[in-house]
Structures are given as structure tokens and as C-alpha cells.
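Chemist: Following this line is protein.txt, made up of compact mmCIF, N, CA and C atoms:
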```txt
# COMPACT_ATOMS: atom_id res chain seq x y z
N MET A 24 -38.65 7.34 24.74
CA MET A 24 -38.69 5.94 24.37
C MET A 24 -37.64 5.62 23.30
N LEU A 25 -37.44 6.55 22.37
CA LEU A 25 -36.47 6.32 21.31
C LEU A 25 -35.06 6.13 21.87
N LEU A 26 -34.71 6.93 22.86
CA LEU A 26 -33.39 6.81 23.48
C LEU A 26 -33.21 5.45 24.14
N ILE A 27 -34.25 4.95 24.77
CA ILE A 27 -34.19 3.65 25.42
C ILE A 27 -34.02 2.55 24.38
N ILE A 28 -34.73 2.64 23.29
CA ILE A 28 -34.61 1.64 22.22
C ILE A 28 -33.20 1.67 21.63
N ILE A 29 -32.66 2.86 21.43
CA ILE A 29 -31.31 2.99 20.87
C ILE A 29 -30.27 2.38 21.81
N THR A 30 -30.41 2.62 23.12
CA THR A 30 -29.43 2.05 24.04
C THR A 30 -29.55 0.54 24.12
N ILE A 31 -30.75 0.00 24.03
CA ILE A 31 -30.91 -1.46 24.02
C ILE A 31 -30.26 -2.05 22.77
N ILE A 32 -30.45 -1.40 21.63
CA ILE A 32 -29.81 -1.86 20.39
C ILE A 32 -28.29 -1.79 20.52
N ALA A 33 -27.80 -0.72 21.15
CA ALA A 33 -26.35 -0.57 21.35
C ALA A 33 -25.81 -1.69 22.23
N ILE A 34 -26.53 -2.04 23.28
CA ILE A 34 -26.08 -3.13 24.16
C ILE A 34 -26.06 -4.46 23.40
N ILE A 35 -27.08 -4.72 22.61
CA ILE A 35 -27.12 -5.95 21.81
C ILE A 35 -25.96 -5.97 20.82
N PHE A 36 -25.71 -4.85 20.16
CA PHE A 36 -24.60 -4.76 19.21
C PHE A 36 -23.27 -5.03 19.90
N MET A 37 -23.07 -4.42 21.07
CA MET A 37 -21.82 -4.64 21.81
C MET A 37 -21.70 -6.07 22.30
N TYR A 38 -22.82 -6.68 22.69
CA TYR A 38 -22.79 -8.07 23.13
C TYR A 38 -22.37 -8.99 21.98
N ASN A 39 -22.89 -8.72 20.79
CA ASN A 39 -22.49 -9.52 19.62
C ASN A 39 -21.01 -9.36 19.33
N ARG A 40 -20.48 -8.16 19.48
CA ARG A 40 -19.04 -7.94 19.29
C ARG A 40 -18.23 -8.64 20.37
N LEU A 41 -18.77 -8.70 21.57
CA LEU A 41 -18.09 -9.42 22.67
C LEU A 41 -18.05 -10.91 22.39
N ARG A 42 -19.15 -11.46 21.87
CA ARG A 42 -19.20 -12.90 21.57
C ARG A 42 -18.15 -13.32 20.55
N VAL A 43 -17.90 -12.49 19.55
CA VAL A 43 -16.91 -12.83 18.51
C VAL A 43 -15.53 -12.28 18.87
N LYS A 44 -15.41 -11.81 20.12
CA LYS A 44 -14.13 -11.35 20.68
C LYS A 44 -13.53 -10.16 19.93
N LYS A 45 -14.40 -9.26 19.48
CA LYS A 45 -13.93 -8.02 18.85
C LYS A 45 -13.70 -6.93 19.90
N ILE A 46 -14.33 -7.08 21.08
CA ILE A 46 -14.11 -6.16 22.19
C ILE A 46 -13.86 -6.97 23.45
N THR A 47 -13.28 -6.32 24.44
CA THR A 47 -12.99 -7.00 25.71
C THR A 47 -14.21 -6.92 26.63
N PRO A 48 -14.28 -7.80 27.62
CA PRO A 48 -15.38 -7.71 28.58
C PRO A 48 -15.41 -6.36 29.32
N ALA A 49 -14.24 -5.77 29.56
CA ALA A 49 -14.19 -4.46 30.22
C ALA A 49 -14.84 -3.39 29.35
N THR A 50 -14.57 -3.43 28.05
CA THR A 50 -15.18 -2.46 27.14
C THR A 50 -16.69 -2.65 27.08
N PHE A 51 -17.11 -3.91 27.04
CA PHE A 51 -18.54 -4.20 27.04
C PHE A 51 -19.18 -3.66 28.32
N GLY A 52 -18.54 -3.90 29.45
CA GLY A 52 -19.06 -3.40 30.73
C GLY A 52 -19.16 -1.88 30.76
N LEU A 53 -18.16 -1.21 30.21
CA LEU A 53 -18.18 0.25 30.16
C LEU A 53 -19.38 0.75 29.35
N TRP A 54 -19.62 0.14 28.19
CA TRP A 54 -20.73 0.57 27.35
C TRP A 54 -22.08 0.26 28.00
N VAL A 55 -22.17 -0.85 28.71
CA VAL A 55 -23.43 -1.17 29.40
C VAL A 55 -23.68 -0.13 30.50
N VAL A 56 -22.64 0.22 31.25
CA VAL A 56 -22.80 1.24 32.30
C VAL A 56 -23.22 2.58 31.69
N ILE A 57 -22.60 2.97 30.59
CA ILE A 57 -22.97 4.23 29.92
C ILE A 57 -24.42 4.19 29.48
N CYS A 58 -24.84 3.07 28.89
CA CYS A 58 -26.23 2.95 28.44
C CYS A 58 -27.20 2.97 29.62
N LEU A 59 -26.84 2.34 30.74
CA LEU A 59 -27.70 2.37 31.92
C LEU A 59 -27.82 3.78 32.50
N ILE A 60 -26.73 4.51 32.51
CA ILE A 60 -26.78 5.90 32.99
C ILE A 60 -27.68 6.74 32.10
N ILE A 61 -27.54 6.56 30.79
CA ILE A 61 -28.39 7.30 29.84
C ILE A 61 -29.85 6.95 30.08
N ASN A 62 -30.16 5.67 30.25
CA ASN A 62 -31.55 5.26 30.50
C ASN A 62 -32.06 5.79 31.83
N PHE A 63 -31.20 5.81 32.84
CA PHE A 63 -31.61 6.33 34.15
C PHE A 63 -32.04 7.78 34.03
N PHE A 64 -31.23 8.59 33.37
CA PHE A 64 -31.57 10.01 33.24
C PHE A 64 -32.69 10.23 32.23
N ALA A 65 -32.93 9.28 31.33
CA ALA A 65 -34.07 9.40 30.42
C ALA A 65 -35.37 9.18 31.18
N PHE A 66 -35.35 8.24 32.16
CA PHE A 66 -36.54 7.99 32.96
C PHE A 66 -36.76 9.05 34.04
N ALA A 67 -35.68 9.59 34.59
CA ALA A 67 -35.79 10.55 35.68
C ALA A 67 -34.88 11.75 35.42
N PRO A 68 -35.24 12.60 34.46
CA PRO A 68 -34.36 13.72 34.11
C PRO A 68 -34.20 14.74 35.24
N LYS A 69 -35.18 14.86 36.12
CA LYS A 69 -35.09 15.84 37.21
C LYS A 69 -34.04 15.45 38.25
N LEU A 70 -33.65 14.18 38.30
CA LEU A 70 -32.65 13.75 39.27
C LEU A 70 -31.26 14.27 38.92
N SER A 71 -31.06 14.66 37.68
CA SER A 71 -29.75 15.19 37.29
C SER A 71 -29.62 16.69 37.56
N ASP A 72 -30.73 17.35 37.91
CA ASP A 72 -30.68 18.80 38.16
C ASP A 72 -29.79 19.19 39.35
N PRO A 73 -29.85 18.50 40.49
CA PRO A 73 -28.95 18.88 41.59
C PRO A 73 -27.47 18.71 41.22
N LEU A 74 -27.16 17.65 40.49
CA LEU A 74 -25.79 17.44 40.04
C LEU A 74 -25.37 18.56 39.09
N ALA A 75 -26.28 18.94 38.21
CA ALA A 75 -25.98 20.03 37.28
C ALA A 75 -25.76 21.34 38.02
N GLY A 76 -26.57 21.61 39.04
CA GLY A 76 -26.41 22.82 39.83
C GLY A 76 -25.06 22.86 40.52
N PHE A 77 -24.58 21.72 40.97
CA PHE A 77 -23.28 21.65 41.62
C PHE A 77 -22.17 22.08 40.67
N PHE A 78 -22.29 21.73 39.40
CA PHE A 78 -21.28 22.08 38.40
C PHE A 78 -21.57 23.40 37.70
N GLY A 79 -22.64 24.09 38.09
CA GLY A 79 -22.92 25.42 37.56
C GLY A 79 -23.80 25.43 36.33
N PHE A 80 -24.50 24.38 36.08
CA PHE A 80 -25.42 24.33 34.95
C PHE A 80 -26.85 24.48 35.45
N GLY A 81 -27.70 25.03 34.61
CA GLY A 81 -29.08 25.26 35.01
C GLY A 81 -29.91 23.99 35.02
N ARG A 82 -29.71 23.16 34.05
CA ARG A 82 -30.51 21.93 33.94
C ARG A 82 -29.59 20.72 33.81
N GLY A 83 -30.12 19.58 34.16
CA GLY A 83 -29.36 18.34 34.05
C GLY A 83 -29.03 17.99 32.61
N LEU A 84 -29.95 18.32 31.70
CA LEU A 84 -29.72 18.05 30.29
C LEU A 84 -28.52 18.83 29.77
N ASP A 85 -28.36 20.06 30.23
CA ASP A 85 -27.20 20.87 29.82
C ASP A 85 -25.89 20.19 30.25
N LEU A 86 -25.87 19.70 31.48
CA LEU A 86 -24.69 19.00 31.97
C LEU A 86 -24.41 17.75 31.15
N LEU A 87 -25.45 16.99 30.86
CA LEU A 87 -25.27 15.77 30.08
C LEU A 87 -24.76 16.07 28.67
N LEU A 88 -25.25 17.14 28.08
CA LEU A 88 -24.79 17.52 26.74
C LEU A 88 -23.32 17.95 26.75
N VAL A 89 -22.93 18.72 27.76
CA VAL A 89 -21.54 19.17 27.85
C VAL A 89 -20.62 17.97 28.10
N VAL A 90 -21.02 17.08 29.00
CA VAL A 90 -20.21 15.88 29.26
C VAL A 90 -20.13 15.02 28.01
N GLY A 91 -21.24 14.86 27.31
CA GLY A 91 -21.24 14.09 26.07
C GLY A 91 -20.34 14.71 25.01
N PHE A 92 -20.38 16.02 24.89
CA PHE A 92 -19.52 16.71 23.93
C PHE A 92 -18.05 16.55 24.30
N ALA A 93 -17.74 16.71 25.59
CA ALA A 93 -16.35 16.55 26.04
C ALA A 93 -15.87 15.12 25.78
N PHE A 94 -16.72 14.14 26.03
CA PHE A 94 -16.37 12.75 25.77
C PHE A 94 -16.12 12.52 24.29
N THR A 95 -16.96 13.11 23.45
CA THR A 95 -16.80 12.97 22.00
C THR A 95 -15.48 13.59 21.53
N VAL A 96 -15.15 14.77 22.05
CA VAL A 96 -13.88 15.41 21.68
C VAL A 96 -12.70 14.54 22.13
N TYR A 97 -12.79 13.98 23.32
CA TYR A 97 -11.72 13.10 23.82
C TYR A 97 -11.55 11.88 22.93
N VAL A 98 -12.67 11.26 22.55
CA VAL A 98 -12.60 10.07 21.69
C VAL A 98 -12.03 10.43 20.32
N LEU A 99 -12.44 11.56 19.76
CA LEU A 99 -11.89 11.99 18.47
C LEU A 99 -10.39 12.23 18.56
N PHE A 100 -9.94 12.84 19.66
CA PHE A 100 -8.51 13.06 19.84
C PHE A 100 -7.77 11.74 19.93
N ARG A 101 -8.30 10.78 20.69
CA ARG A 101 -7.65 9.46 20.81
C ARG A 101 -7.61 8.75 19.45
N LEU A 102 -8.69 8.86 18.67
CA LEU A 102 -8.71 8.26 17.34
C LEU A 102 -7.67 8.90 16.43
N TYR A 103 -7.55 10.22 16.50
CA TYR A 103 -6.56 10.93 15.70
C TYR A 103 -5.15 10.45 16.04
N VAL A 104 -4.86 10.34 17.33
CA VAL A 104 -3.55 9.88 17.77
C VAL A 104 -3.30 8.45 17.28
N LYS A 105 -4.31 7.59 17.39
CA LYS A 105 -4.17 6.20 16.97
C LYS A 105 -3.96 6.10 15.45
N ILE A 106 -4.71 6.87 14.68
CA ILE A 106 -4.56 6.86 13.23
C ILE A 106 -3.18 7.37 12.83
N ASP A 107 -2.72 8.41 13.50
CA ASP A 107 -1.39 8.94 13.22
C ASP A 107 -0.32 7.90 13.54
N GLU A 108 -0.49 7.19 14.64
CA GLU A 108 0.46 6.14 15.03
C GLU A 108 0.47 5.00 14.01
N ILE A 109 -0.71 4.59 13.56
CA ILE A 109 -0.81 3.53 12.55
C ILE A 109 -0.18 3.98 11.24
N ASN A 110 -0.42 5.22 10.86
CA ASN A 110 0.17 5.76 9.64
C ASN A 110 1.70 5.75 9.71
N GLN A 111 2.25 6.15 10.86
CA GLN A 111 3.70 6.14 11.04
C GLN A 111 4.24 4.72 11.00
N ASN A 112 3.55 3.79 11.64
CA ASN A 112 3.98 2.39 11.61
C ASN A 112 3.96 1.83 10.20
N MET A 113 2.94 2.17 9.42
CA MET A 113 2.85 1.70 8.05
C MET A 113 3.97 2.28 7.20
N THR A 114 4.27 3.55 7.40
CA THR A 114 5.36 4.19 6.66
C THR A 114 6.69 3.52 6.99
N ASP A 115 6.92 3.26 8.28
CA ASP A 115 8.16 2.58 8.67
C ASP A 115 8.25 1.19 8.09
N LEU A 116 7.13 0.47 8.09
CA LEU A 116 7.11 -0.90 7.55
C LEU A 116 7.38 -0.90 6.05
N VAL A 117 6.72 -0.03 5.32
CA VAL A 117 6.94 0.04 3.87
C VAL A 117 8.37 0.43 3.56
N ARG A 118 8.91 1.37 4.31
CA ARG A 118 10.29 1.79 4.11
C ARG A 118 11.26 0.63 4.37
N ALA A 119 11.02 -0.11 5.45
CA ALA A 119 11.89 -1.25 5.78
C ALA A 119 11.79 -2.34 4.72
N LEU A 120 10.58 -2.61 4.25
CA LEU A 120 10.42 -3.62 3.20
C LEU A 120 11.07 -3.18 1.90
N ALA A 121 10.94 -1.92 1.57
CA ALA A 121 11.54 -1.42 0.34
C ALA A 121 13.07 -1.51 0.41
N ILE A 122 13.62 -1.18 1.54
CA ILE A 122 15.08 -1.26 1.70
C ILE A 122 15.52 -2.72 1.68
N HIS A 123 14.77 -3.59 2.35
CA HIS A 123 15.13 -5.00 2.43
C HIS A 123 15.04 -5.68 1.07
N ASP A 124 13.98 -5.41 0.34
CA ASP A 124 13.77 -6.07 -0.95
C ASP A 124 14.30 -5.27 -2.13
N GLU A 125 14.80 -4.09 -1.89
CA GLU A 125 15.32 -3.21 -2.92
C GLU A 125 14.34 -3.04 -4.08
N ILE A 126 13.14 -2.67 -3.73
CA ILE A 126 12.12 -2.45 -4.74
C ILE A 126 12.43 -1.15 -5.46
N LYS A 127 12.40 -1.22 -6.77
CA LYS A 127 12.67 -0.03 -7.58
C LYS A 127 11.41 0.36 -8.32
N LEU A 128 11.27 1.63 -8.57
CA LEU A 128 10.10 2.14 -9.27
C LEU A 128 10.01 1.55 -10.67
N GLU A 129 11.14 1.35 -11.30
CA GLU A 129 11.14 0.79 -12.65
C GLU A 129 10.58 -0.63 -12.65
N ASP A 130 10.88 -1.40 -11.60
CA ASP A 130 10.38 -2.76 -11.50
C ASP A 130 8.85 -2.77 -11.38
N ILE A 131 8.33 -1.87 -10.60
CA ILE A 131 6.88 -1.79 -10.42
C ILE A 131 6.21 -1.37 -11.71
N GLU A 132 6.78 -0.40 -12.41
CA GLU A 132 6.19 0.06 -13.67
C GLU A 132 6.22 -1.05 -14.71
N SER A 133 7.31 -1.82 -14.77
CA SER A 133 7.39 -2.90 -15.76
C SER A 133 6.39 -4.00 -15.43
N GLU A 134 6.16 -4.29 -14.15
CA GLU A 134 5.16 -5.28 -13.77
C GLU A 134 3.76 -4.83 -14.16
N LEU A 135 3.48 -3.56 -13.98
CA LEU A 135 2.17 -3.03 -14.35
C LEU A 135 1.96 -3.10 -15.86
N LYS A 136 3.01 -2.83 -16.65
CA LYS A 136 2.89 -2.92 -18.10
C LYS A 136 2.65 -4.35 -18.54
N GLU A 137 3.31 -5.31 -17.89
CA GLU A 137 3.14 -6.71 -18.23
C GLU A 137 1.73 -7.17 -17.92
N LYS A 138 1.14 -6.71 -16.84
CA LYS A 138 -0.20 -7.09 -16.47
C LYS A 138 -1.22 -6.54 -17.44
N LYS A 139 -0.96 -5.34 -17.99
CA LYS A 139 -1.89 -4.73 -18.94
C LYS A 139 -1.88 -5.48 -20.27
N GLU A 140 -0.74 -6.04 -20.60
CA GLU A 140 -0.62 -6.71 -21.89
C GLU A 140 -1.11 -8.10 -21.83
```
Would you encode the structure as C-alpha cells?

Modeler:
Amino acid sequence: MLLIIITIIAIIFMYNRLRVKKITPATFGLWVVICLIINFFAFAPKLSDPLAGFFGFGRGLDLLLVVGFAFTVYVLFRLYVKIDEINQNMTDLVRALAIHDEIKLEDIESELKEKKE
């Protein structure tokens, strides 16, 4: 029951993000499908056993855990790549602004001293 409640809360949370246009309808649909699959296997865990046997796992839960872990690793890798890309973009932007405006360290230090006084 707890898993079902969590997935319903997740769907409501994603719907609210969709309403304020923080996510796309495709992303919302993906999360709803994932939540429905989780609920399906929560209600009928024995139905995942034949699928697990096909992939060489003893139980359906084992398959779901491995797939969930693989998905988590994939998402973490994508986040790492995205953060690295954002970091590089920020470095390039700061460098371009510094060159364009000729910001000097002495100017920044003098501004900080003036603000303290």
C-alpha cells in the first residue's frame, strides 16, 4: 500500500510541475507510465516472474531491482554530464565577460573594501 501511495503522490507532484510548465507533457507521460508499471507489479508481483526467468533472474522483484538500479546509474551519469556541461558553459561565460569588461582583481578588492567601510 505504501508504494501505491508514493506513486500517487509522485503523479500529483509531476502534474503540478506540468501545470506550471516546469516539465513537458512527454516527461509527465513517462513518469505516469513508470508509476503505473510499478503499481501493476505491486498488485501482481507473480506476473513479473516469467519475465524475470527470461532474463535469468529467479524472482520478478530481483529483475525490478536490477532494472531500477541500472536506471538510477543512467540518470546519475546523465546528471553528471549535464552538470559538467553547465560548469564549462559558466566558465566560458565568466571568461568572456572578464575579457570583455577587463575586470581586474584589484578593482574587485577595492569595491569590497568600499562596501565594508

Chemist: Counting only N, CA and C atoms, which residue out of A:Ile28, A:Asp124, A:Leu84, A:Val90 sits closest to Lys69 of chain A?

Modeler: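 Of A:Ile28, A:Asp124, A:Leu84, A:Val90, the one nearest Lys69 of chain A, counting only N, CA and C atoms, is A:Leu84.
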
Chemist: Rounded to one decimal in Å, what is the spacing between atom C of Asn62 of chain A and atom C of Leu26 of chain A?

Modeler: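 Spanning atom C of Asn62 of chain A to atom C of Leu26 of chain A is a straight-line distance of 7.8 Å.
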
Chemist: Please compute the atom C of Ile57 of chain A-atom CA of Ile34 of chain A distance, one decimal, in Å.

Modeler: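 Interatomic distance here is 9.2 Å.
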
Chemist: What's the separation between atom CA of Ala67 of chain A and atom CA of Leu25 of chain A, in Å to one decimal place?

Modeler: 15.0 Å

Chemist: Output, as lines of an AutoDock Vina configuration file, the centre and edge lengths in Å (one decimal) of the axis-aligned box that contains all listed atoms of segment 80-83 of chain A with 5 Å of margin on each side.

Modeler:
```
center_x = -27.5
center_y = 21.6
center_z = 34.3
size_x = 16.0
size_y = 17.3
size_z = 13.5
```
